[in-house]
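Trainee: Structure file structure_16.cif, mmCIF, C-alpha atoms, is pasted below:
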```cif
data_entry
loop_
_atom_site.label_atom_id
_atom_site.label_comp_id
_atom_site.auth_asym_id
_atom_site.auth_seq_id
_atom_site.Cartn_x
_atom_site.Cartn_y
_atom_site.Cartn_z
CA MET A 1 16.06 -19.71 14.36
CA ALA A 2 12.99 -20.96 12.54
CA GLU A 3 12.07 -23.21 9.63
CA LYS A 4 11.49 -22.42 5.95
CA GLN A 5 11.70 -18.66 6.15
CA ILE A 6 14.03 -16.87 3.77
CA ILE A 7 17.31 -15.76 5.35
CA MET A 8 18.32 -12.70 3.34
CA THR A 9 21.87 -12.46 4.67
CA ARG A 10 23.27 -15.27 2.52
CA GLY A 11 22.71 -16.48 -1.01
CA ARG A 12 22.23 -14.74 -4.36
CA PRO A 13 20.27 -11.47 -4.03
CA TYR A 14 18.14 -11.90 -7.16
CA ARG A 15 16.94 -15.35 -6.05
CA LEU A 16 16.22 -14.21 -2.50
CA ILE A 17 14.35 -11.09 -3.59
CA LEU A 18 12.28 -12.93 -6.22
CA CYS A 19 11.45 -15.83 -3.89
CA PHE A 20 10.32 -13.37 -1.23
CA MET A 21 8.54 -11.05 -3.65
CA ILE A 22 6.45 -13.58 -5.57
CA PRO A 23 4.24 -14.70 -2.65
CA VAL A 24 3.76 -11.05 -1.63
CA LEU A 25 2.88 -10.17 -5.22
CA ILE A 26 0.40 -13.02 -5.56
CA GLY A 27 -1.23 -11.97 -2.29
CA ASN A 28 -1.39 -8.34 -3.41
CA ILE A 29 -2.87 -9.36 -6.75
CA PHE A 30 -5.53 -11.43 -5.03
CA GLN A 31 -6.31 -8.46 -2.82
CA GLN A 32 -6.57 -6.20 -5.86
CA LEU A 33 -8.63 -8.77 -7.74
CA TYR A 34 -11.02 -8.77 -4.84
CA SER A 35 -11.10 -4.97 -4.96
CA ILE A 36 -11.78 -5.15 -8.71
CA VAL A 37 -14.52 -7.75 -8.27
CA ASP A 38 -15.95 -5.56 -5.52
CA SER A 39 -16.00 -2.62 -7.97
CA ILE A 40 -17.53 -4.78 -10.71
CA ILE A 41 -20.31 -5.95 -8.39
CA VAL A 42 -20.98 -2.38 -7.22
CA GLY A 43 -20.87 -0.96 -10.76
CA ARG A 44 -22.96 -3.67 -12.35
CA LEU A 45 -25.55 -4.16 -9.59
CA LEU A 46 -25.82 -0.63 -8.17
CA GLY A 47 -24.91 1.56 -11.17
CA VAL A 48 -22.37 4.19 -12.22
CA GLU A 49 -23.25 6.60 -9.38
CA ALA A 50 -22.63 3.94 -6.75
CA PHE A 51 -19.34 3.02 -8.45
CA ALA A 52 -18.29 6.69 -8.49
CA GLY A 53 -19.31 7.22 -4.87
CA VAL A 54 -17.38 4.17 -3.65
CA SER A 55 -14.34 5.24 -5.69
CA ILE A 56 -14.34 8.73 -4.15
CA ALA A 57 -14.71 7.31 -0.63
CA SER A 58 -11.93 4.81 -1.32
CA THR A 59 -9.62 7.67 -2.28
CA ALA A 60 -10.47 9.45 0.97
CA MET A 61 -9.72 6.20 2.82
CA PHE A 62 -6.21 6.23 1.34
CA ILE A 63 -5.16 8.49 4.21
CA PRO A 64 -5.86 6.05 7.11
CA THR A 65 -5.21 2.87 5.11
CA ASN A 66 -1.87 4.11 3.78
CA PHE A 67 -0.93 5.18 7.30
CA LEU A 68 -1.62 1.63 8.46
CA GLY A 69 0.24 0.20 5.48
CA GLY A 70 3.25 2.33 6.36
CA PHE A 71 3.03 1.18 9.96
CA GLY A 72 2.93 -2.47 8.85
CA ALA A 73 6.01 -1.90 6.68
CA GLY A 74 7.72 -0.32 9.68
CA VAL A 75 6.92 -3.38 11.79
CA THR A 76 8.54 -5.53 9.10
CA ILE A 77 11.75 -3.45 9.02
CA VAL A 78 12.17 -3.12 12.80
CA LEU A 79 11.56 -6.83 13.36
CA ALA A 80 13.75 -7.85 10.40
CA GLN A 81 16.64 -5.85 11.84
CA ARG A 82 16.34 -7.68 15.18
CA PHE A 83 15.93 -11.01 13.40
CA GLY A 84 18.96 -10.32 11.18
CA ALA A 85 20.97 -9.53 14.32
CA GLY A 86 19.94 -12.91 15.81
CA SER A 87 18.07 -11.46 18.81
CA LYS A 88 15.10 -13.61 19.89
CA VAL A 89 14.38 -11.28 22.80
CA GLY A 90 14.39 -8.33 20.41
CA VAL A 91 11.92 -10.07 18.10
CA ARG A 92 9.52 -10.80 20.98
CA ARG A 93 9.67 -7.25 22.28
CA CYS A 94 9.02 -5.90 18.79
CA VAL A 95 5.88 -8.03 18.59
CA ALA A 96 4.67 -6.88 22.03
CA ILE A 97 5.22 -3.19 21.26
CA SER A 98 3.46 -3.52 17.90
CA VAL A 99 0.36 -4.86 19.69
CA TYR A 100 0.22 -1.81 21.96
CA ILE A 101 0.73 0.63 19.11
CA GLY A 102 -1.77 -1.17 16.88
CA VAL A 103 -4.56 -0.91 19.45
CA VAL A 104 -3.97 2.80 20.04
CA VAL A 105 -3.57 3.70 16.36
CA SER A 106 -6.66 1.78 15.20
CA ALA A 107 -8.85 3.38 17.89
CA ILE A 108 -7.69 6.91 17.00
CA LEU A 109 -8.02 6.46 13.24
CA THR A 110 -11.47 4.88 13.51
CA LEU A 111 -12.82 7.70 15.65
CA LEU A 112 -11.29 10.45 13.49
CA GLY A 113 -12.44 8.82 10.28
CA VAL A 114 -16.07 8.64 11.37
CA LEU A 115 -16.07 12.21 12.68
CA VAL A 116 -14.47 13.89 9.64
CA SER A 117 -15.94 11.76 6.83
CA GLY A 118 -18.54 14.32 5.76
CA SER A 119 -16.16 17.28 5.95
CA LEU A 120 -13.45 15.49 3.98
CA LEU A 121 -15.88 14.53 1.21
CA ASP A 122 -17.02 18.16 1.08
CA LEU A 123 -13.42 19.30 0.68
CA MET A 124 -13.01 16.78 -2.13
CA ASN A 125 -15.74 18.50 -4.14
CA THR A 126 -17.83 15.32 -4.14
CA PRO A 127 -20.78 15.58 -6.57
CA ASP A 128 -24.14 15.92 -4.81
CA GLU A 129 -25.61 12.88 -6.54
CA VAL A 130 -23.02 10.53 -5.00
CA PHE A 131 -22.26 12.30 -1.69
CA GLU A 132 -24.41 10.15 0.61
CA ILE A 133 -23.24 6.97 -1.09
CA ALA A 134 -19.61 7.96 -0.53
CA ARG A 135 -20.22 8.96 3.08
CA ALA A 136 -21.99 5.69 3.96
CA TYR A 137 -19.18 3.63 2.45
CA MET A 138 -16.48 5.70 4.17
CA ILE A 139 -18.04 5.40 7.64
CA ALA A 140 -18.46 1.63 7.24
CA SER A 141 -14.83 1.35 6.09
CA CYS A 142 -13.57 3.36 9.07
CA LEU A 143 -15.35 1.01 11.46
CA GLY A 144 -13.43 -1.86 9.84
CA LEU A 145 -9.98 -0.32 10.36
CA PRO A 146 -9.11 -2.37 13.51
CA ALA A 147 -9.37 -5.57 11.47
CA MET A 148 -7.07 -4.03 8.86
CA VAL A 149 -4.57 -3.08 11.58
CA ALA A 150 -4.54 -6.64 12.91
CA TYR A 151 -3.94 -8.24 9.53
CA GLY A 152 -1.29 -5.69 8.53
CA GLY A 153 0.54 -6.17 11.82
CA PHE A 154 0.66 -9.97 11.72
CA SER A 155 1.61 -9.94 8.04
CA GLY A 156 4.45 -7.55 8.89
CA ILE A 157 5.68 -9.89 11.62
CA SER A 158 5.68 -12.87 9.26
CA ARG A 159 7.51 -10.98 6.51
CA GLY A 160 10.06 -9.60 8.96
CA LEU A 161 10.96 -13.22 9.73
CA GLY A 162 11.51 -13.85 6.02
CA ASP A 163 8.25 -15.79 5.57
CA SER A 164 6.10 -14.17 2.88
CA LYS A 165 4.06 -17.30 2.09
CA ILE A 166 1.87 -17.48 5.18
CA PRO A 167 0.08 -14.13 4.64
CA LEU A 168 -0.43 -15.21 1.01
CA TYR A 169 -2.19 -18.47 1.85
CA PHE A 170 -4.66 -16.86 4.22
CA LEU A 171 -5.19 -13.89 1.92
CA ILE A 172 -6.10 -16.15 -1.01
CA LEU A 173 -8.57 -18.04 1.16
CA THR A 174 -10.27 -14.95 2.51
CA SER A 175 -10.26 -13.17 -0.88
CA ILE A 176 -12.26 -16.05 -2.32
CA MET A 177 -14.61 -15.88 0.67
CA ASN A 178 -14.90 -12.12 0.29
CA VAL A 179 -16.31 -12.43 -3.21
CA GLY A 180 -19.07 -14.60 -1.80
CA PHE A 181 -19.64 -12.18 1.09
CA ASP A 182 -19.77 -9.29 -1.38
CA TYR A 183 -22.39 -10.82 -3.61
CA LEU A 184 -24.42 -11.97 -0.60
CA ALA A 185 -24.35 -8.56 1.08
CA ILE A 186 -25.09 -6.53 -2.07
CA GLY A 187 -26.98 -8.84 -4.40
CA VAL A 188 -28.99 -10.89 -1.90
CA LEU A 189 -29.30 -8.91 1.34
CA GLY A 190 -29.51 -5.54 -0.43
CA LEU A 191 -27.08 -3.74 1.90
CA GLY A 192 -25.82 -1.52 -0.92
CA VAL A 193 -22.34 -0.04 -0.75
CA VAL A 194 -22.16 -0.68 3.01
CA GLY A 195 -22.28 -4.39 2.23
CA ALA A 196 -19.10 -4.11 0.18
CA SER A 197 -17.27 -2.60 3.16
CA VAL A 198 -18.62 -5.21 5.58
CA ALA A 199 -17.35 -7.99 3.29
CA THR A 200 -13.86 -6.46 3.25
CA THR A 201 -13.79 -6.17 7.04
CA LEU A 202 -14.80 -9.80 7.46
CA GLY A 203 -11.97 -10.82 5.13
CA ASN A 204 -9.37 -8.83 7.07
CA LEU A 205 -10.62 -10.21 10.37
CA ILE A 206 -10.47 -13.83 9.23
CA SER A 207 -7.01 -13.32 7.70
CA SER A 208 -5.61 -11.74 10.87
CA VAL A 209 -6.91 -14.49 13.18
CA LEU A 210 -5.59 -17.31 10.99
CA CYS A 211 -2.25 -15.55 10.47
CA ALA A 212 -1.79 -14.97 14.21
CA ILE A 213 -2.59 -18.60 15.09
CA TYR A 214 -0.14 -19.90 12.55
CA ILE A 215 2.72 -17.54 13.42
CA PHE A 216 2.61 -18.23 17.14
CA LYS A 217 2.36 -21.97 16.54
CA LYS A 218 5.02 -22.23 13.83
CA TYR A 219 7.51 -19.68 15.15
CA LYS A 220 7.18 -20.16 18.87
CA PHE A 221 10.14 -17.92 19.64
CA VAL A 222 8.23 -14.81 18.49
CA LYS A 223 5.38 -15.21 20.99
CA PRO A 224 5.93 -12.56 23.68
CA LYS A 225 6.36 -13.67 27.26
CA ARG A 226 4.81 -11.76 30.14
CA ARG A 227 7.96 -9.75 30.77
CA ASP A 228 8.11 -8.74 27.09
CA TYR A 229 4.87 -6.78 27.49
CA ARG A 230 6.55 -4.39 29.91
CA ILE A 231 7.10 -1.12 28.12
CA SER A 232 10.64 -1.02 26.75
CA TRP A 233 11.37 2.58 25.86
CA PRO A 234 14.32 1.79 23.56
CA TYR A 235 11.97 -0.34 21.45
CA VAL A 236 9.27 2.30 21.57
CA ALA A 237 11.88 4.79 20.37
CA ARG A 238 12.81 2.45 17.52
CA TYR A 239 9.21 2.38 16.34
CA VAL A 240 8.95 6.14 16.71
CA LYS A 241 12.10 6.52 14.63
CA ILE A 242 11.25 4.02 11.88
CA ALA A 243 7.62 2.83 11.81
CA LEU A 244 5.89 6.10 12.73
CA PRO A 245 7.66 8.22 10.07
CA MET A 246 6.91 5.51 7.48
CA ALA A 247 3.24 5.61 8.44
CA LEU A 248 3.20 9.41 8.32
CA GLU A 249 4.96 9.45 4.96
CA ALA A 250 2.47 7.00 3.48
CA SER A 251 -0.50 9.03 4.72
CA VAL A 252 1.10 12.30 3.60
CA THR A 253 1.46 10.86 0.10
CA SER A 254 -2.21 9.88 0.07
CA VAL A 255 -3.23 13.46 0.84
CA GLY A 256 -1.91 14.35 -2.61
CA CYS A 257 -4.22 11.72 -4.11
CA VAL A 258 -7.14 13.38 -2.31
CA PHE A 259 -6.27 16.73 -3.94
CA LEU A 260 -6.12 15.07 -7.34
CA GLN A 261 -9.43 13.27 -6.79
CA SER A 262 -10.98 16.59 -5.77
CA ALA A 263 -9.97 18.10 -9.13
CA VAL A 264 -11.29 15.08 -11.04
CA ASN A 265 -14.60 15.19 -9.13
CA GLY A 266 -15.31 18.58 -10.66
CA PHE A 267 -15.66 17.00 -14.12
CA GLY A 268 -18.76 14.93 -13.22
CA ALA A 269 -19.69 11.35 -12.35
CA ASP A 270 -18.75 9.85 -15.75
CA VAL A 271 -15.19 11.20 -15.61
CA VAL A 272 -14.89 10.13 -11.96
CA ALA A 273 -15.97 6.60 -12.95
CA GLY A 274 -13.52 6.51 -15.89
CA PHE A 275 -10.61 7.82 -13.80
CA SER A 276 -11.46 5.28 -11.09
CA ALA A 277 -11.62 2.39 -13.58
CA ALA A 278 -8.18 3.35 -14.95
CA SER A 279 -6.86 3.63 -11.39
CA LYS A 280 -8.10 0.12 -10.64
CA MET A 281 -6.05 -1.19 -13.55
CA GLU A 282 -3.07 0.89 -12.49
CA ASN A 283 -3.34 -0.58 -9.00
CA ILE A 284 -2.43 -4.00 -10.40
CA LEU A 285 0.89 -2.48 -11.44
CA MET A 286 1.19 -0.60 -8.16
CA VAL A 287 0.86 -3.77 -6.07
CA SER A 288 3.65 -5.33 -8.13
CA PHE A 289 5.90 -2.41 -7.24
CA MET A 290 4.79 -2.62 -3.61
CA ALA A 291 5.57 -6.33 -3.45
CA LEU A 292 9.04 -5.59 -4.79
CA ALA A 293 9.37 -2.79 -2.21
CA VAL A 294 8.47 -5.17 0.64
CA ALA A 295 11.03 -7.70 -0.62
CA ILE A 296 13.89 -5.23 -1.06
CA SER A 297 13.20 -3.47 2.26
CA THR A 298 13.24 -6.81 4.14
CA TYR A 299 16.42 -7.82 2.30
CA ILE A 300 18.14 -4.56 3.19
CA ALA A 301 16.92 -4.54 6.80
CA GLN A 302 18.21 -8.05 7.49
CA ASN A 303 21.59 -7.33 5.88
CA LEU A 304 21.85 -4.01 7.66
CA GLY A 305 21.18 -5.80 10.96
CA ALA A 306 23.85 -8.37 10.06
CA LYS A 307 26.23 -5.55 8.98
CA LYS A 308 26.66 -7.03 5.48
CA PHE A 309 26.78 -3.72 3.66
CA GLU A 310 28.27 -5.06 0.42
CA ARG A 311 25.11 -7.10 -0.21
CA ILE A 312 22.87 -4.04 -0.01
CA VAL A 313 24.11 -2.40 -3.22
CA ALA A 314 23.86 -5.70 -5.09
CA GLY A 315 20.27 -6.05 -3.95
CA VAL A 316 19.40 -2.54 -5.15
CA ARG A 317 20.70 -3.35 -8.65
CA VAL A 318 18.51 -6.46 -8.73
CA ASN A 319 15.56 -4.35 -7.59
CA ILE A 320 15.94 -2.00 -10.58
CA VAL A 321 16.16 -4.83 -13.14
CA ILE A 322 13.07 -6.60 -11.77
CA GLY A 323 11.10 -3.34 -11.64
CA MET A 324 11.81 -2.45 -15.26
CA GLY A 325 10.77 -5.95 -16.31
CA ILE A 326 7.43 -5.53 -14.55
CA CYS A 327 6.81 -2.23 -16.36
CA LEU A 328 7.49 -3.82 -19.74
CA ILE A 329 5.10 -6.71 -19.11
CA PHE A 330 2.33 -4.40 -17.91
CA GLY A 331 2.72 -2.10 -20.92
CA VAL A 332 2.35 -5.00 -23.34
CA LEU A 333 -0.71 -6.34 -21.51
CA MET A 334 -2.39 -2.93 -21.53
CA VAL A 335 -1.92 -2.58 -25.28
CA VAL A 336 -3.23 -6.07 -26.05
CA PHE A 337 -6.08 -6.38 -23.54
CA TRP A 338 -7.27 -2.78 -23.10
CA ASN A 339 -10.84 -3.30 -24.31
CA GLN A 340 -11.37 -6.37 -22.15
CA ALA A 341 -9.93 -4.65 -19.08
CA ILE A 342 -12.08 -1.51 -19.27
CA GLY A 343 -15.12 -3.61 -20.18
CA LEU A 344 -15.03 -5.23 -16.76
CA PHE A 345 -16.17 -2.02 -15.09
CA VAL A 346 -18.56 -0.37 -17.52
CA GLY A 347 -20.65 -1.33 -20.52
CA ASP A 348 -20.37 -0.17 -24.12
CA ASP A 349 -23.18 2.31 -23.47
CA GLU A 350 -20.87 4.49 -21.32
CA PRO A 351 -18.53 6.08 -23.92
CA GLY A 352 -17.67 9.05 -21.66
CA VAL A 353 -16.43 6.71 -18.93
CA VAL A 354 -14.36 4.64 -21.38
CA GLU A 355 -12.73 7.73 -22.90
CA ALA A 356 -11.82 9.20 -19.49
CA ALA A 357 -10.12 5.93 -18.54
CA ARG A 358 -8.24 5.75 -21.84
CA GLN A 359 -6.97 9.33 -21.52
CA TYR A 360 -5.45 8.71 -18.09
CA ILE A 361 -3.68 5.47 -19.08
CA ASN A 362 -2.29 7.03 -22.27
CA ILE A 363 -0.79 9.89 -20.24
CA ALA A 364 0.60 7.79 -17.39
CA ILE A 365 1.92 4.63 -19.04
CA ALA A 366 5.28 6.04 -20.23
CA SER A 367 6.14 7.20 -16.69
CA TYR A 368 5.45 3.93 -14.88
CA PRO A 369 9.20 3.10 -14.66
CA VAL A 370 9.61 6.30 -12.61
CA LEU A 371 6.69 5.26 -10.40
CA CYS A 372 8.41 1.90 -9.85
CA LEU A 373 11.67 3.55 -8.81
CA LEU A 374 9.78 5.98 -6.57
CA ILE A 375 7.99 3.21 -4.65
CA THR A 376 10.98 0.89 -4.32
CA PHE A 377 13.58 3.56 -3.50
CA ARG A 378 11.26 4.95 -0.84
CA ALA A 379 11.34 1.51 0.78
CA ILE A 380 15.10 1.23 0.30
CA VAL A 381 15.84 4.58 1.95
CA GLN A 382 13.50 3.74 4.84
CA ALA A 383 15.10 0.32 5.35
CA LEU A 384 18.51 2.00 5.51
CA GLY A 385 17.23 3.95 8.51
CA ASN A 386 16.55 7.30 6.85
CA THR A 387 12.87 7.93 7.58
CA VAL A 388 12.90 11.73 7.40
CA VAL A 389 13.68 12.25 3.71
CA PRO A 390 10.74 10.11 2.51
CA ILE A 391 8.43 12.43 4.44
CA PHE A 392 9.87 15.41 2.57
CA ALA A 393 9.42 13.46 -0.66
CA GLY A 394 5.79 12.91 0.31
CA ILE A 395 5.35 16.60 1.04
CA SER A 396 6.77 17.30 -2.40
CA GLU A 397 4.08 15.04 -3.87
CA ILE A 398 1.37 16.91 -1.97
CA PHE A 399 2.66 20.27 -3.18
CA VAL A 400 2.89 19.19 -6.82
CA ARG A 401 -0.48 17.43 -6.79
CA SER A 402 -2.31 20.24 -5.02
CA VAL A 403 -0.84 23.08 -7.09
CA GLY A 404 -0.84 21.05 -10.29
CA ALA A 405 -4.40 19.83 -9.83
CA GLY A 406 -5.59 23.40 -9.45
CA VAL A 407 -3.47 25.05 -12.13
CA LEU A 408 -3.25 22.34 -14.79
CA SER A 409 -6.89 21.29 -14.52
CA ALA A 410 -7.90 24.93 -14.99
CA LEU A 411 -5.64 25.30 -18.05
CA LEU A 412 -5.97 21.88 -19.67
CA GLY A 413 -9.06 20.36 -18.10
CA TYR A 414 -9.10 16.63 -17.29
CA VAL A 415 -5.84 16.05 -19.20
CA GLY A 416 -4.11 18.57 -16.91
CA ALA A 417 -5.46 16.85 -13.81
CA CYS A 418 -4.14 13.49 -15.06
CA SER A 419 -0.71 14.98 -15.81
CA THR A 420 -0.40 16.10 -12.19
CA SER A 421 0.35 12.57 -10.98
CA ILE A 422 3.27 12.17 -13.35
CA LEU A 423 4.87 15.44 -12.24
CA ALA A 424 4.46 14.38 -8.60
CA TRP A 425 6.19 11.05 -9.26
CA TYR A 426 9.24 12.74 -10.80
CA SER A 427 9.62 15.32 -8.03
CA SER A 428 9.41 12.75 -5.25
CA PHE A 429 11.74 10.25 -6.94
CA LEU A 430 14.51 12.80 -7.45
CA ILE A 431 14.53 13.58 -3.73
CA LEU A 432 14.65 9.89 -2.79
CA MET A 433 17.41 9.10 -5.29
CA VAL A 434 19.67 11.84 -3.93
CA SER A 435 19.01 10.58 -0.40
CA TYR A 436 19.86 6.99 -1.36
CA VAL A 437 23.18 7.96 -2.93
CA PHE A 438 24.13 10.04 0.11
CA THR A 439 23.08 7.34 2.61
CA ILE A 440 24.78 4.43 0.84
CA ASN A 441 28.04 6.40 0.48
CA LYS A 442 27.93 7.18 4.19
CA LEU A 443 27.43 3.50 5.08
CA GLU A 444 30.25 2.40 2.78
CA LYS A 445 32.67 4.91 4.33
CA ARG A 446 31.70 3.74 7.81
CA ASN A 447 32.22 0.12 6.76
CA HIS A 448 35.67 0.84 5.31
CA ALA A 449 36.66 2.69 8.49
CA ARG A 450 35.75 -0.35 10.60
CA ASN A 451 37.72 -2.67 8.34
#
```
Before we go any further, please render this structure as structure tokens.

Mentor:
Amino acid sequence: MAEKQIIMTRGRPYRLILCFMIPVLIGNIFQQLYSIVDSIIVGRLLGVEAFAGVSIASTAMFIPTNFLGGFGAGVTIVLAQRFGAGSKVGVRRCVAISVYIGVVVSAILTLLGVLVSGSLLDLMNTPDEVFEIARAYMIASCLGLPAMVAYGGFSGISRGLGDSKIPLYFLILTSIMNVGFDYLAIGVLGLGVVGASVATTLGNLISSVLCAIYIFKKYKFVKPKRRDYRISWPYVARYVKIALPMALEASVTSVGCVFLQSAVNGFGADVVAGFSAASKMENILMVSFMALAVAISTYIAQNLGAKKFERIVAGVRVNIVIGMGICLIFGVLMVVFWNQAIGLFVGDDEPGVVEAARQYINIAIASYPVLCLLITFRAIVQALGNTVVPIFAGISEIFVRSVGAGVLSALLGYVGACSTSILAWYSSFLILMVSYVFTINKLEKRNHARN
């Protein structure tokens, strides 16, 4: 059907998943490195208060950005199913429908984000000294959401075809450019925290344009024809069934992070900065899990479309082994390079910030294998077509984070607030694991009945 993309329906699962995952992981790492450099520039040039304000606003932005990330993952699964089934028409219609939905979703989220930014930061108990900084950054970030939608959509199309390298190439290029934009906007033009957001938007815009040009030139069969842009309600229904619940689940999960950030904000700017610095380091691990989740969900979606059910279980086993290996590597690196890592964000003259970061990592590190299984099994269950249970798992996270952040932070202080995340991971994972076992048994019984 096309050249050089990875066909997940034949070949050894571990090789397919790793080959697909590695470009996604490298791209995610570059994106996180840019985010880290962005934080370093803000923290070093504008100070601890600016760093704390941007960190709080970034947490608030988890809600729309995670929604869009979930939507992009849904695009990948829906298109991968059509591609695995060998339907060129289906692939083109998926692309056309995703354009319509992307335009509508980006417009709604941008408008809502700008209107509620101040109220949301109030609800998050944002310290007065960083409130205006956080609000300015959040508004600028909301205005850049359409560019994020475009890049996420085209990346999802490419990955659904089994090609995870193209988004990587353009992401590396624009990440390098973003660092230059960042320094220019903040260090030279003096745009403050707004400059950091503008640089990110420019990067997303450039990536999306280059990705779109390449996809439509390289994989000509995916470019929608005029008749493909006619509304096809069965395809709309497919997105409503798969992509929309995934987007809702991702945004629901991020609401729990907002509750946790609200509890942390009550301990002052130094603790906020330390928690944020630790979260930046944790995000490197998170993007590794997310890359694995993208790979396994694409693998499962293609094999589900091709009705090769026996390959699905084999792929899940490979997913677990790879995930545990990632956790081990990260743990070793954190032990060996802790001082260098935390020193990127703050100087030695900020002992309160350093201690807050250390406390969070010490509490969380032993539970990272559970976080890995949570993220990847969420993608697995969604790729199998069960999009309702992950929403309940996300609601479980909200409940645990909101109640835990209030109760545990009152009883144990900052340590209690940090412990809330771990409890939320366990509760959500248990729900997803039960759902996976039930769903896979159902598919196997259906497959045996057909044979």

Trainee: On this file, the PyMOL selection byres ((chain A and resi 79-88) around 9) gives some set of residues; write that set as a PyMOL selection string.

Mentor: chain A and resi 1+7-9+74-78+89-95+156-157+159-162+221-222+298-307

Trainee: Restricting the calculation to only C-alpha atoms, which member of A:Asn362, A:Asn28, A:Ser55, A:Ser232 is positioned closest to A:Ile422?

Mentor: A:Asn362

Trainee: Output as AutoDock Vina command-line options the centre and edge lengths (Å, one decimal) of the box along x, y and z of the file that holds every listed atom of stretch 102-107 of chain A after adding 6 Å on each side.

Mentor:
```
--center_x -5.3 --center_y 1.3 --center_z 17.6 --size_x 19.1 --size_y 16.9 --size_z 16.8
```

Trainee: When you look at stretch 114-130 of chain A with a cut-off of 8 Å (counting only C-alpha atoms), what residues show up, excluding the ones that are within fewer than 3 positions of it in the same chain? I need them as a PyMOL selection string.

Mentor: chain A and resi 49-50+52-53+56-57+60+110-111+133-135+138-139+142-143+258-259+261-263+265-266+268-269

Trainee: On this structure, the PyMOL selection byres ((chain A and resi 100) around 12) would catch which residues? List them as a ChimeraX atom specification, sorted by chain and number.

Mentor: /A:93-99,101-107,149-150,153,228-232,235-236,239
